[in-house]
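Encoded as structure tokens, the structure appears first; notes follow it.
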Amino acid sequence: DLVAALDNATDQVAESGNDTRVVLITTGTQQDMDDASFAEALKAARGKGVSLRALHVGEGEKDAELEKLADSYNTISDPTNVQESKKAIASAAGAR
């Protein structure tokens, strides 16, 4: 789950001393915790050098809280568009 990924990224920051990015690629939302708990977990991770970039693929329901809280949130509306997909994924990963 996303909070576990944030925890692992926090561990990585502690071990390496370098900021770490979590990239989430999603097709829709699945709520497994309340919004306040998620916001708190993300805030704690962010305070330790972790950033979150989210990429929503397709027409599934977007997670409004994720869109609001992520450091960046982009959408690939047509996953069959290879150029759009490559560009969006590269951007989320931090490629220039």
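Scheme for the structure tokens: letters A, B, ... for chains in order shown; per-chain residue numbers from 1; ligand numbers from 1 in order shown.
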Q: Mind listing the strand (DSSP E) residues of chain A, per DSSP on the backbone, as a VMD selection string?
A: chain A and resid 20 to 26 50 to 57 72 to 76
Could you please take those selected residues and save C-alpha atoms as a compact mmCIF listing (two decimals), in the first residue's frame?
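Saved to again-v6.txt:
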```
# COMPACT_ATOMS: atom_id res chain seq x y z
CA THR A 20 13.53 10.09 -2.01
CA ARG A 21 10.56 10.15 -4.38
CA VAL A 22 7.64 7.72 -4.39
CA VAL A 23 5.90 7.43 -7.76
CA LEU A 24 2.36 6.03 -7.64
CA ILE A 25 0.73 4.89 -10.87
CA THR A 26 -2.97 4.26 -10.36
CA VAL A 50 10.08 12.00 0.88
CA SER A 51 8.02 13.35 -2.01
CA LEU A 52 5.02 11.76 -3.69
CA ARG A 53 4.21 11.98 -7.38
CA ALA A 54 1.00 10.39 -8.61
CA LEU A 55 0.04 9.44 -12.13
CA HIS A 56 -3.57 8.48 -12.85
CA VAL A 57 -4.04 6.29 -15.93
CA SER A 72 2.52 16.36 -8.38
CA TYR A 73 -0.50 14.66 -9.90
CA ASN A 74 -0.86 14.03 -13.62
CA THR A 75 -3.28 12.07 -15.77
CA ILE A 76 -2.85 9.87 -18.81
```
Q.
I'd like the interatomic distance between CA of Leu42 in chain A and CA of Asp7 in chain A, to a tenth of an Å.
A. 9.4 Å
Q) Which one is closest to Asn8 in chain A: A:Lys86, A:Lys48, A:Lys62, A:Lys68? Count only C-alpha atoms. A)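 Residue with the minimum atom-to-atom distance to Asn8 in chain A: A:Lys48.
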Q: Write out as a VMD selection string all residues of chain A that DSSP puts in helix (DSSP H, G or I) for this structure's backbone.
A: chain A and resid 2 to 16 35 to 47 64 to 69 82 to 93
Q: Check the smallest atom-to-atom distance from each of A:Asp1, A:Asp11, A:Glu84, A:Glu65 to Ala39 in chain A using only C-alpha atoms, then report the winner.
A: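 So, comparing all the options, the nearest one is A:Glu65.
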